[in-house]
$ cat model-v2.pdb   # PDB, C-alpha atoms
MODEL        1
ATOM      1  CA  MET H   1      77.457 105.776 -91.240  1.00  0.00           C
ATOM      2  CA  ASN H   2      73.878 105.477 -90.105  1.00  0.00           C
ATOM      3  CA  GLN H   3      72.816 104.252 -86.680  1.00  0.00           C
ATOM      4  CA  ALA H   4      71.731 100.798 -87.908  1.00  0.00           C
ATOM      5  CA  SER H   5      75.121 100.029 -89.489  1.00  0.00           C
ATOM      6  CA  VAL H   6      76.905 101.172 -86.316  1.00  0.00           C
ATOM      7  CA  LEU H   7      74.751  98.823 -84.239  1.00  0.00           C
ATOM      8  CA  VAL H   8      75.366  95.909 -86.606  1.00  0.00           C
ATOM      9  CA  ARG H   9      79.135  96.466 -86.599  1.00  0.00           C
ATOM     10  CA  SER H  10      79.103  96.633 -82.834  1.00  0.00           C
ATOM     11  CA  GLY H  11      77.353  93.272 -82.685  1.00  0.00           C
ATOM     12  CA  ARG H  12      74.009  94.613 -81.442  1.00  0.00           C
ATOM     13  CA  ALA H  13      70.909  94.172 -83.596  1.00  0.00           C
ATOM     14  CA  PRO H  14      68.657  97.229 -83.892  1.00  0.00           C
ATOM     15  CA  GLN H  15      65.664  97.041 -81.584  1.00  0.00           C
ATOM     16  CA  CYS H  16      62.102  97.752 -82.707  1.00  0.00           C
ATOM     17  CA  ALA H  17      60.509 100.747 -81.083  1.00  0.00           C
ATOM     18  CA  PRO H  18      57.991  99.824 -78.388  1.00  0.00           C
ATOM     19  CA  LEU H  19      54.281 100.308 -78.985  1.00  0.00           C
ATOM     20  CA  ARG H  20      53.310 103.856 -78.145  1.00  0.00           C
ATOM     21  CA  LYS H  21      50.219 104.995 -76.341  1.00  0.00           C
ATOM     22  CA  SER H  22      47.813 107.288 -78.119  1.00  0.00           C
ATOM     23  CA  ALA H  23      47.078 110.659 -76.598  1.00  0.00           C
ATOM     24  CA  ARG H  24      44.477 110.452 -73.867  1.00  0.00           C
ATOM     25  CA  ARG H  25      41.084 110.821 -75.513  1.00  0.00           C
ATOM     26  CA  PRO H  26      38.425 112.635 -73.457  1.00  0.00           C
ATOM     27  CA  TRP H  27      34.792 111.478 -73.453  1.00  0.00           C
ATOM     28  CA  TRP H  28      33.641 114.127 -75.910  1.00  0.00           C
ATOM     29  CA  VAL H  29      35.905 112.734 -78.637  1.00  0.00           C
ATOM     30  CA  TRP H  30      33.951 109.486 -78.489  1.00  0.00           C
ATOM     31  CA  VAL H  31      30.472 110.926 -77.892  1.00  0.00           C
ATOM     32  CA  LEU H  32      29.992 114.302 -79.593  1.00  0.00           C
ATOM     33  CA  PRO H  33      30.795 113.407 -83.237  1.00  0.00           C
ATOM     34  CA  GLY H  34      28.555 110.345 -83.194  1.00  0.00           C
ATOM     35  CA  VAL H  35      25.654 112.026 -81.421  1.00  0.00           C
ATOM     36  CA  ALA H  36      25.885 115.091 -83.676  1.00  0.00           C
ATOM     37  CA  LEU H  37      25.924 113.052 -86.880  1.00  0.00           C
ATOM     38  CA  PHE H  38      23.120 110.735 -85.745  1.00  0.00           C
ATOM     39  CA  THR H  39      20.970 113.710 -84.698  1.00  0.00           C
ATOM     40  CA  VAL H  40      21.429 115.504 -88.025  1.00  0.00           C
ATOM     41  CA  LEU H  41      20.711 112.360 -90.057  1.00  0.00           C
ATOM     42  CA  ALA H  42      17.617 111.532 -87.980  1.00  0.00           C
ATOM     43  CA  TYR H  43      16.329 115.096 -88.291  1.00  0.00           C
ATOM     44  CA  LYS H  44      16.949 115.313 -92.036  1.00  0.00           C
ATOM     45  CA  ASN H  45      15.090 112.002 -92.460  1.00  0.00           C
ATOM     46  CA  ARG H  46      12.384 112.622 -89.867  1.00  0.00           C
ATOM     47  CA  PHE H  47       9.745 111.463 -92.360  1.00  0.00           C
ATOM     48  CA  LEU H  48      10.794 107.945 -91.326  1.00  0.00           C
ATOM     49  CA  PHE H  49       8.825 108.458 -88.106  1.00  0.00           C
ATOM     50  CA  SER H  50       5.566 108.861 -89.994  1.00  0.00           C
ATOM     51  CA  THR H  51       5.848 107.545 -93.559  1.00  0.00           C
ATOM     52  CA  GLY H  52       5.954 103.780 -93.877  1.00  0.00           C
ATOM     53  CA  LEU H  53       8.474 102.388 -96.363  1.00  0.00           C
ATOM     54  CA  HIS H  54       8.346  98.842 -97.683  1.00  0.00           C
ATOM     55  CA  GLU H  55      11.243  96.814 -99.033  1.00  0.00           C
ATOM     56  CA  GLN H  56      11.568  95.518-102.562  1.00  0.00           C
ATOM     57  CA  GLY H  57      14.306  93.851-104.554  1.00  0.00           C
ATOM     58  CA  ASP H  58      17.603  93.431-102.709  1.00  0.00           C
ATOM     59  CA  SER H  59      16.271  95.149 -99.601  1.00  0.00           C
ATOM     60  CA  ALA H  60      13.438  92.630 -99.366  1.00  0.00           C
ATOM     61  CA  ALA H  61      15.946  89.787 -99.650  1.00  0.00           C
ATOM     62  CA  ASP H  62      17.999  91.410 -96.891  1.00  0.00           C
ATOM     63  CA  SER H  63      14.926  91.575 -94.659  1.00  0.00           C
ATOM     64  CA  VAL H  64      14.747  87.783 -94.825  1.00  0.00           C
ATOM     65  CA  LEU H  65      18.320  87.692 -93.520  1.00  0.00           C
ATOM     66  CA  ILE H  66      17.407  90.229 -90.848  1.00  0.00           C
ATOM     67  CA  ARG H  67      14.648  87.963 -89.555  1.00  0.00           C
ATOM     68  CA  GLN H  68      17.268  85.215 -89.178  1.00  0.00           C
ATOM     69  CA  ALA H  69      19.610  87.649 -87.445  1.00  0.00           C
ATOM     70  CA  MET H  70      16.885  88.635 -84.966  1.00  0.00           C
ATOM     71  CA  ARG H  71      16.725  84.963 -83.970  1.00  0.00           C
ATOM     72  CA  LEU H  72      20.558  84.902 -83.781  1.00  0.00           C
ATOM     73  CA  GLU H  73      20.651  82.232 -86.511  1.00  0.00           C
ATOM     74  CA  LEU H  74      22.508  84.097 -89.261  1.00  0.00           C
ATOM     75  CA  LEU H  75      26.140  83.090 -89.887  1.00  0.00           C
ATOM     76  CA  THR H  76      26.719  84.486 -93.396  1.00  0.00           C
ATOM     77  CA  GLY H  77      26.543  87.925 -94.917  1.00  0.00           C
ATOM     78  CA  HIS H  78      24.653  89.328 -97.884  1.00  0.00           C
ATOM     79  CA  TYR H  79      24.327  87.216-101.014  1.00  0.00           C
ATOM     80  CA  PRO H  80      24.816  89.332-104.156  1.00  0.00           C
ATOM     81  CA  ARG H  81      24.226  88.345-107.760  1.00  0.00           C
ATOM     82  CA  TYR H  82      27.886  87.439-108.225  1.00  0.00           C
ATOM     83  CA  GLY H  83      27.460  84.071-106.526  1.00  0.00           C
ATOM     84  CA  PHE H  84      29.260  84.483-103.189  1.00  0.00           C
ATOM     85  CA  PHE H  85      28.442  85.685 -99.692  1.00  0.00           C
ATOM     86  CA  HIS H  86      29.814  88.951 -98.437  1.00  0.00           C
ATOM     87  CA  PRO H  87      32.122  88.026 -95.566  1.00  0.00           C
ATOM     88  CA  GLY H  88      30.332  88.038 -92.274  1.00  0.00           C
ATOM     89  CA  PRO H  89      26.833  88.984 -91.099  1.00  0.00           C
ATOM     90  CA  ALA H  90      27.855  92.020 -89.019  1.00  0.00           C
ATOM     91  CA  TYR H  91      25.945  94.595 -91.080  1.00  0.00           C
ATOM     92  CA  VAL H  92      22.820  92.425 -91.089  1.00  0.00           C
ATOM     93  CA  TYR H  93      22.948  92.261 -87.289  1.00  0.00           C
ATOM     94  CA  VAL H  94      23.299  96.054 -87.140  1.00  0.00           C
ATOM     95  CA  LEU H  95      20.175  96.449 -89.287  1.00  0.00           C
ATOM     96  CA  ALA H  96      18.357  93.871 -87.175  1.00  0.00           C
ATOM     97  CA  LEU H  97      19.204  95.883 -84.056  1.00  0.00           C
ATOM     98  CA  GLY H  98      17.678  99.016 -85.578  1.00  0.00           C
ATOM     99  CA  GLN H  99      14.538  97.188 -86.620  1.00  0.00           C
ATOM    100  CA  GLY H 100      14.202  95.446 -83.274  1.00  0.00           C
ATOM    101  CA  LEU H 101      14.696  98.623 -81.259  1.00  0.00           C
ATOM    102  CA  MET H 102      12.837 101.240 -83.314  1.00  0.00           C
ATOM    103  CA  TYR H 103       9.976  99.095 -84.633  1.00  0.00           C
ATOM    104  CA  ASN H 104       9.509  96.051 -82.409  1.00  0.00           C
ATOM    105  CA  LEU H 105      10.386  97.547 -79.013  1.00  0.00           C
ATOM    106  CA  LEU H 106       9.765 101.305 -79.116  1.00  0.00           C
ATOM    107  CA  HIS H 107       7.124 101.385 -81.906  1.00  0.00           C
ATOM    108  CA  VAL H 108       8.306 104.830 -83.059  1.00  0.00           C
ATOM    109  CA  VAL H 109       8.438 103.957 -86.776  1.00  0.00           C
ATOM    110  CA  PRO H 110       5.556 102.594 -88.865  1.00  0.00           C
ATOM    111  CA  THR H 111       7.408  99.765 -90.663  1.00  0.00           C
ATOM    112  CA  PRO H 112      10.367  97.460 -89.948  1.00  0.00           C
ATOM    113  CA  TRP H 113      12.389  98.866 -92.856  1.00  0.00           C
ATOM    114  CA  ASN H 114      12.215 102.365 -91.377  1.00  0.00           C
ATOM    115  CA  GLY H 115      13.856 101.074 -88.215  1.00  0.00           C
ATOM    116  CA  GLN H 116      16.741  99.679 -90.237  1.00  0.00           C
ATOM    117  CA  PHE H 117      17.635 103.163 -91.468  1.00  0.00           C
ATOM    118  CA  PHE H 118      18.119 104.388 -87.919  1.00  0.00           C
ATOM    119  CA  ALA H 119      20.620 101.588 -87.437  1.00  0.00           C
ATOM    120  CA  VAL H 120      22.502 102.937 -90.468  1.00  0.00           C
ATOM    121  CA  PHE H 121      22.491 106.434 -88.936  1.00  0.00           C
ATOM    122  CA  ALA H 122      23.795 105.070 -85.626  1.00  0.00           C
ATOM    123  CA  LEU H 123      26.514 103.073 -87.385  1.00  0.00           C
ATOM    124  CA  CYS H 124      27.639 106.179 -89.273  1.00  0.00           C
ATOM    125  CA  GLY H 125      27.777 108.116 -86.020  1.00  0.00           C
ATOM    126  CA  ALA H 126      29.820 105.420 -84.305  1.00  0.00           C
ATOM    127  CA  LEU H 127      32.261 105.207 -87.216  1.00  0.00           C
ATOM    128  CA  ALA H 128      32.612 108.995 -87.306  1.00  0.00           C
ATOM    129  CA  SER H 129      33.458 108.981 -83.595  1.00  0.00           C
ATOM    130  CA  MET H 130      36.097 106.290 -84.137  1.00  0.00           C
ATOM    131  CA  ALA H 131      37.691 108.271 -86.973  1.00  0.00           C
ATOM    132  CA  VAL H 132      37.783 111.456 -84.902  1.00  0.00           C
ATOM    133  CA  ALA H 133      39.192 109.562 -81.909  1.00  0.00           C
ATOM    134  CA  ILE H 134      41.978 108.050 -84.025  1.00  0.00           C
ATOM    135  CA  VAL H 135      42.979 111.455 -85.369  1.00  0.00           C
ATOM    136  CA  TYR H 136      42.833 113.062 -81.936  1.00  0.00           C
ATOM    137  CA  GLY H 137      44.828 110.196 -80.442  1.00  0.00           C
ATOM    138  CA  SER H 138      47.532 110.715 -83.050  1.00  0.00           C
ATOM    139  CA  THR H 139      47.729 114.504 -82.847  1.00  0.00           C
ATOM    140  CA  ALA H 140      46.239 115.539 -79.469  1.00  0.00           C
ATOM    141  CA  ARG H 141      44.819 118.580 -81.275  1.00  0.00           C
ATOM    142  CA  VAL H 142      41.160 119.577 -81.216  1.00  0.00           C
ATOM    143  CA  ALA H 143      41.585 121.337 -84.566  1.00  0.00           C
ATOM    144  CA  CYS H 144      42.728 118.097 -86.214  1.00  0.00           C
ATOM    145  CA  ALA H 145      39.827 116.181 -84.682  1.00  0.00           C
ATOM    146  CA  ALA H 146      37.408 118.847 -85.934  1.00  0.00           C
ATOM    147  CA  ALA H 147      38.997 118.674 -89.387  1.00  0.00           C
ATOM    148  CA  ALA H 148      38.527 114.893 -89.472  1.00  0.00           C
ATOM    149  CA  PHE H 149      34.851 115.316 -88.589  1.00  0.00           C
ATOM    150  CA  ALA H 150      34.481 118.012 -91.243  1.00  0.00           C
ATOM    151  CA  VAL H 151      35.965 115.697 -93.881  1.00  0.00           C
ATOM    152  CA  ILE H 152      33.462 112.976 -92.962  1.00  0.00           C
ATOM    153  CA  CYS H 153      30.588 115.465 -93.127  1.00  0.00           C
ATOM    154  CA  LEU H 154      31.824 116.708 -96.507  1.00  0.00           C
ATOM    155  CA  LEU H 155      31.941 113.128 -97.764  1.00  0.00           C
ATOM    156  CA  ILE H 156      28.341 112.580 -96.634  1.00  0.00           C
ATOM    157  CA  VAL H 157      27.154 115.863 -98.163  1.00  0.00           C
ATOM    158  CA  ASN H 158      28.643 114.932-101.539  1.00  0.00           C
ATOM    159  CA  TYR H 159      27.697 111.244-101.352  1.00  0.00           C
ATOM    160  CA  PRO H 160      24.632 111.063 -99.066  1.00  0.00           C
ATOM    161  CA  GLU H 161      23.998 107.405 -99.862  1.00  0.00           C
ATOM    162  CA  VAL H 162      27.042 106.620 -97.698  1.00  0.00           C
ATOM    163  CA  ALA H 163      25.019 107.615 -94.624  1.00  0.00           C
ATOM    164  CA  VAL H 164      21.396 106.972 -95.593  1.00  0.00           C
ATOM    165  CA  SER H 165      21.457 103.714 -97.552  1.00  0.00           C
ATOM    166  CA  GLU H 166      21.319 100.178 -96.161  1.00  0.00           C
ATOM    167  CA  TRP H 167      22.773  98.808 -99.408  1.00  0.00           C
ATOM    168  CA  PRO H 168      25.999  97.012 -98.338  1.00  0.00           C
ATOM    169  CA  PRO H 169      28.454  98.773-100.713  1.00  0.00           C
ATOM    170  CA  CYS H 170      27.321 102.135 -99.303  1.00  0.00           C
ATOM    171  CA  MET H 171      27.640 100.928 -95.719  1.00  0.00           C
ATOM    172  CA  PHE H 172      31.203  99.735 -96.364  1.00  0.00           C
ATOM    173  CA  VAL H 173      32.575 103.203 -97.188  1.00  0.00           C
ATOM    174  CA  LEU H 174      32.875 104.720 -93.705  1.00  0.00           C
ATOM    175  CA  THR H 175      33.952 101.397 -92.239  1.00  0.00           C
ATOM    176  CA  TYR H 176      36.782 101.223 -94.761  1.00  0.00           C
ATOM    177  CA  LEU H 177      37.796 104.808 -93.993  1.00  0.00           C
ATOM    178  CA  VAL H 178      38.021 103.973 -90.285  1.00  0.00           C
ATOM    179  CA  PHE H 179      39.937 100.787 -91.120  1.00  0.00           C
ATOM    180  CA  LEU H 180      42.529 102.782 -93.104  1.00  0.00           C
ATOM    181  CA  LEU H 181      42.940 105.340 -90.313  1.00  0.00           C
ATOM    182  CA  ALA H 182      43.294 102.616 -87.681  1.00  0.00           C
ATOM    183  CA  ALA H 183      45.775 100.694 -89.834  1.00  0.00           C
ATOM    184  CA  ALA H 184      47.892 103.822 -90.262  1.00  0.00           C
ATOM    185  CA  SER H 185      47.775 104.468 -86.512  1.00  0.00           C
ATOM    186  CA  VAL H 186      48.791 100.910 -85.656  1.00  0.00           C
ATOM    187  CA  ALA H 187      51.504 101.032 -88.338  1.00  0.00           C
ATOM    188  CA  VAL H 188      53.190 103.834 -86.388  1.00  0.00           C
ATOM    189  CA  ARG H 189      52.941 101.591 -83.325  1.00  0.00           C
ATOM    190  CA  ARG H 190      49.965 103.074 -81.477  1.00  0.00           C
ATOM    191  CA  ALA H 191      48.578 100.062 -79.651  1.00  0.00           C
ATOM    192  CA  GLY H 192      45.464 101.856 -78.433  1.00  0.00           C
ATOM    193  CA  ASP H 193      43.864 101.641 -81.869  1.00  0.00           C
ATOM    194  CA  LEU H 194      44.345  97.893 -82.349  1.00  0.00           C
ATOM    195  CA  TRP H 195      40.761  97.181 -81.277  1.00  0.00           C
ATOM    196  CA  ILE H 196      39.390  99.667 -83.826  1.00  0.00           C
ATOM    197  CA  LEU H 197      41.510  98.028 -86.527  1.00  0.00           C
ATOM    198  CA  ALA H 198      40.175  94.601 -85.568  1.00  0.00           C
ATOM    199  CA  LEU H 199      36.548  95.783 -85.340  1.00  0.00           C
ATOM    200  CA  SER H 200      36.518  97.669 -88.642  1.00  0.00           C
ATOM    201  CA  GLY H 201      38.510  94.919 -90.357  1.00  0.00           C
TER     202      GLY H 201
ENDMDL
END
$ encode --input "model-v2.pdb" --output "structure tokens"
Amino acid sequence: MNQASVLVRSGRAPQCAPLRKSARRPWWVWVLPGVALFTVLAYKNRFLFSTGLHEQGDSAADSVLIRQAMRLELLTGHYPRYGFFHPGPAYVYVLALGQGLMYNLLHVVPTPWNGQFFAVFALCGALASMAVAIVYGSTARVACAAAAFAVICLLIVNYPEVAVSEWPPCMFVLTYLVFLLAAASVAVRRAGDLWILALSG
């Protein structure tokens, strides 16, 4: 007889296991992966500091949305050719932050579109840090955290558009990876990753 049937026969219902805490995550788990990835992406694309790029097609349409986001007026996401809005304007606000910081405030890039790419690099770095933190929180092993970072880097090497394109389907990839990792962590009752699940979801 298994434990559940013994509890039922004894008149006591089986209790759910309490939410477990993740392993304590030191500062470097949150900082180093993101900073490393952002630095490499910025260096590999350093031409963005000097060569002005100008939008066309879908990117030009997105820049109209970004202008609305910079005025905090945007409530919907991208509008593709399929006749519906992508849910939520979060990615547009991320791009607007890059444009506002790199082009409008710091003046370190020659065109607004260039600034948007740095927002993509920063988003990739942040998502990489979240993925590494989830894995470290589940295993408490540096080797596992390093392996998670290596997998993300391998993904970017094989599919660079995931980290260097502001086209929404490319930007969704790392977010979805983090969402899956956070969902798996929460599914085994690690409450510390609930906020990552909510944010990536």
$ resolve_selection --input "model-v2.pdb" --expression "the PyMOL selection byres ((chain H and resi 108) around 12)" --output "ChimeraX atom specification"
/H:46-52,98-107,109-112,114-115,118
$ resolve_selection --input "model-v2.pdb" --expression "the PyMOL selection byres ((chain H and resi 68-74) around 7)" --output "list in words"
Val64, Leu65, Ile66, Arg67, Leu75, Thr76, Pro89, Val92, Tyr93 and Ala96 of chain H
$ residues_near_point --input "model-v2.pdb" --point "(48.4, 107.8, -81.0)" --cutoff "12 Å" --atoms "all atoms listed in the file" --output "MDAnalysis selection string"
chainID H and resid 19:25 132:141 181:194
$ atom_distance --input "model-v2.pdb" --atom1 "CA of Ala146 in chain H" --atom2 "CA of Pro169 in chain H"
26.5 Å
$ resolve_selection --input "model-v2.pdb" --expression "the PyMOL selection byres ((chain H and resi 149-162) around 9)" --output "PDB file with C-alpha atoms, keeping the file's coordinate frame"
ATOM      1  CA  PRO H  33      30.795 113.407 -83.237  1.00  0.00           C
ATOM      2  CA  LEU H  37      25.924 113.052 -86.880  1.00  0.00           C
ATOM      3  CA  CYS H 124      27.639 106.179 -89.273  1.00  0.00           C
ATOM      4  CA  ALA H 128      32.612 108.995 -87.306  1.00  0.00           C
ATOM      5  CA  SER H 129      33.458 108.981 -83.595  1.00  0.00           C
ATOM      6  CA  ALA H 131      37.691 108.271 -86.973  1.00  0.00           C
ATOM      7  CA  VAL H 132      37.783 111.456 -84.902  1.00  0.00           C
ATOM      8  CA  CYS H 144      42.728 118.097 -86.214  1.00  0.00           C
ATOM      9  CA  ALA H 145      39.827 116.181 -84.682  1.00  0.00           C
ATOM     10  CA  ALA H 146      37.408 118.847 -85.934  1.00  0.00           C
ATOM     11  CA  ALA H 147      38.997 118.674 -89.387  1.00  0.00           C
ATOM     12  CA  ALA H 148      38.527 114.893 -89.472  1.00  0.00           C
ATOM     13  CA  ALA H 163      25.019 107.615 -94.624  1.00  0.00           C
ATOM     14  CA  VAL H 164      21.396 106.972 -95.593  1.00  0.00           C
ATOM     15  CA  SER H 165      21.457 103.714 -97.552  1.00  0.00           C
ATOM     16  CA  GLU H 166      21.319 100.178 -96.161  1.00  0.00           C
ATOM     17  CA  TRP H 167      22.773  98.808 -99.408  1.00  0.00           C
ATOM     18  CA  PRO H 169      28.454  98.773-100.713  1.00  0.00           C
ATOM     19  CA  CYS H 170      27.321 102.135 -99.303  1.00  0.00           C
ATOM     20  CA  MET H 171      27.640 100.928 -95.719  1.00  0.00           C
ATOM     21  CA  PHE H 172      31.203  99.735 -96.364  1.00  0.00           C
ATOM     22  CA  VAL H 173      32.575 103.203 -97.188  1.00  0.00           C
ATOM     23  CA  LEU H 174      32.875 104.720 -93.705  1.00  0.00           C
TER      24      LEU H 174
END
$ axis_aligned_box --input "model-v2.pdb" --around "range 93-99 of chain H" --padding-each-side "8 Å" --output "lines of an AutoDock Vina configuration file"
center_x = 18.9
center_y = 95.6
center_z = -86.7
size_x = 24.8
size_y = 22.8
size_z = 21.2
$ atom_distance --input "model-v2.pdb" --atom1 "CA of Ala122 in chain H" --atom2 "CA of Ser63 in chain H"
18.5 Å
$ closest_residue --input "model-v2.pdb" --among "H:Ala61, H:Val178, H:Val40, H:Leu32" --to "Trp195 in chain H" --atoms "all atoms listed in the file"
H:Val178
$ decode --input "model-v2.pdb" --residues "range 54-71 of chain H" --atoms "N, CA and C atoms" --output "PDB file, in the first residue's frame"
ATOM      1  N   HIS H  54      18.608  53.355 -40.613  1.00  0.00           N
ATOM      2  CA  HIS H  54      17.279  53.948 -40.706  1.00  0.00           C
ATOM      3  C   HIS H  54      16.248  52.858 -40.963  1.00  0.00           C
ATOM      4  N   GLU H  55      15.118  52.964 -40.276  1.00  0.00           N
ATOM      5  CA  GLU H  55      14.081  51.954 -40.348  1.00  0.00           C
ATOM      6  C   GLU H  55      13.392  51.961 -41.711  1.00  0.00           C
ATOM      7  N   GLN H  56      12.857  50.777 -42.054  1.00  0.00           N
ATOM      8  CA  GLN H  56      11.964  50.659 -43.190  1.00  0.00           C
ATOM      9  C   GLN H  56      11.062  49.461 -42.957  1.00  0.00           C
ATOM     10  N   GLY H  57       9.929  49.454 -43.621  1.00  0.00           N
ATOM     11  CA  GLY H  57       8.998  48.341 -43.471  1.00  0.00           C
ATOM     12  C   GLY H  57       8.424  48.246 -42.071  1.00  0.00           C
ATOM     13  N   ASP H  58       8.430  47.028 -41.517  1.00  0.00           N
ATOM     14  CA  ASP H  58       7.859  46.790 -40.193  1.00  0.00           C
ATOM     15  C   ASP H  58       8.559  47.596 -39.106  1.00  0.00           C
ATOM     16  N   SER H  59       9.879  47.749 -39.244  1.00  0.00           N
ATOM     17  CA  SER H  59      10.624  48.496 -38.235  1.00  0.00           C
ATOM     18  C   SER H  59      10.216  49.955 -38.216  1.00  0.00           C
ATOM     19  N   ALA H  60       9.906  50.515 -39.380  1.00  0.00           N
ATOM     20  CA  ALA H  60       9.435  51.899 -39.431  1.00  0.00           C
ATOM     21  C   ALA H  60       8.069  52.024 -38.766  1.00  0.00           C
ATOM     22  N   ALA H  61       7.205  51.030 -39.002  1.00  0.00           N
ATOM     23  CA  ALA H  61       5.896  51.043 -38.339  1.00  0.00           C
ATOM     24  C   ALA H  61       6.055  50.931 -36.828  1.00  0.00           C
ATOM     25  N   ASP H  62       7.015  50.125 -36.393  1.00  0.00           N
ATOM     26  CA  ASP H  62       7.265  49.993 -34.950  1.00  0.00           C
ATOM     27  C   ASP H  62       7.781  51.297 -34.347  1.00  0.00           C
ATOM     28  N   SER H  63       8.536  52.065 -35.124  1.00  0.00           N
ATOM     29  CA  SER H  63       9.054  53.330 -34.605  1.00  0.00           C
ATOM     30  C   SER H  63       7.936  54.323 -34.319  1.00  0.00           C
ATOM     31  N   VAL H  64       6.829  54.201 -35.068  1.00  0.00           N
ATOM     32  CA  VAL H  64       5.661  55.032 -34.766  1.00  0.00           C
ATOM     33  C   VAL H  64       5.107  54.648 -33.397  1.00  0.00           C
ATOM     34  N   LEU H  65       5.038  53.350 -33.129  1.00  0.00           N
ATOM     35  CA  LEU H  65       4.591  52.877 -31.817  1.00  0.00           C
ATOM     36  C   LEU H  65       5.549  53.327 -30.718  1.00  0.00           C
ATOM     37  N   ILE H  66       6.843  53.322 -31.037  1.00  0.00           N
ATOM     38  CA  ILE H  66       7.840  53.706 -30.036  1.00  0.00           C
ATOM     39  C   ILE H  66       7.677  55.169 -29.660  1.00  0.00           C
ATOM     40  N   ARG H  67       7.346  56.009 -30.621  1.00  0.00           N
ATOM     41  CA  ARG H  67       7.102  57.421 -30.291  1.00  0.00           C
ATOM     42  C   ARG H  67       5.931  57.549 -29.323  1.00  0.00           C
ATOM     43  N   GLN H  68       4.891  56.729 -29.514  1.00  0.00           N
ATOM     44  CA  GLN H  68       3.764  56.737 -28.575  1.00  0.00           C
ATOM     45  C   GLN H  68       4.205  56.237 -27.207  1.00  0.00           C
ATOM     46  N   ALA H  69       5.048  55.199 -27.207  1.00  0.00           N
ATOM     47  CA  ALA H  69       5.517  54.646 -25.936  1.00  0.00           C
ATOM     48  C   ALA H  69       6.360  55.665 -25.173  1.00  0.00           C
ATOM     49  N   MET H  70       7.141  56.467 -25.883  1.00  0.00           N
ATOM     50  CA  MET H  70       7.979  57.468 -25.217  1.00  0.00           C
ATOM     51  C   MET H  70       7.142  58.561 -24.565  1.00  0.00           C
ATOM     52  N   ARG H  71       5.895  58.697 -25.021  1.00  0.00           N
ATOM     53  CA  ARG H  71       4.960  59.631 -24.371  1.00  0.00           C
ATOM     54  C   ARG H  71       4.050  58.901 -23.380  1.00  0.00           C
TER      55      ARG H  71
END
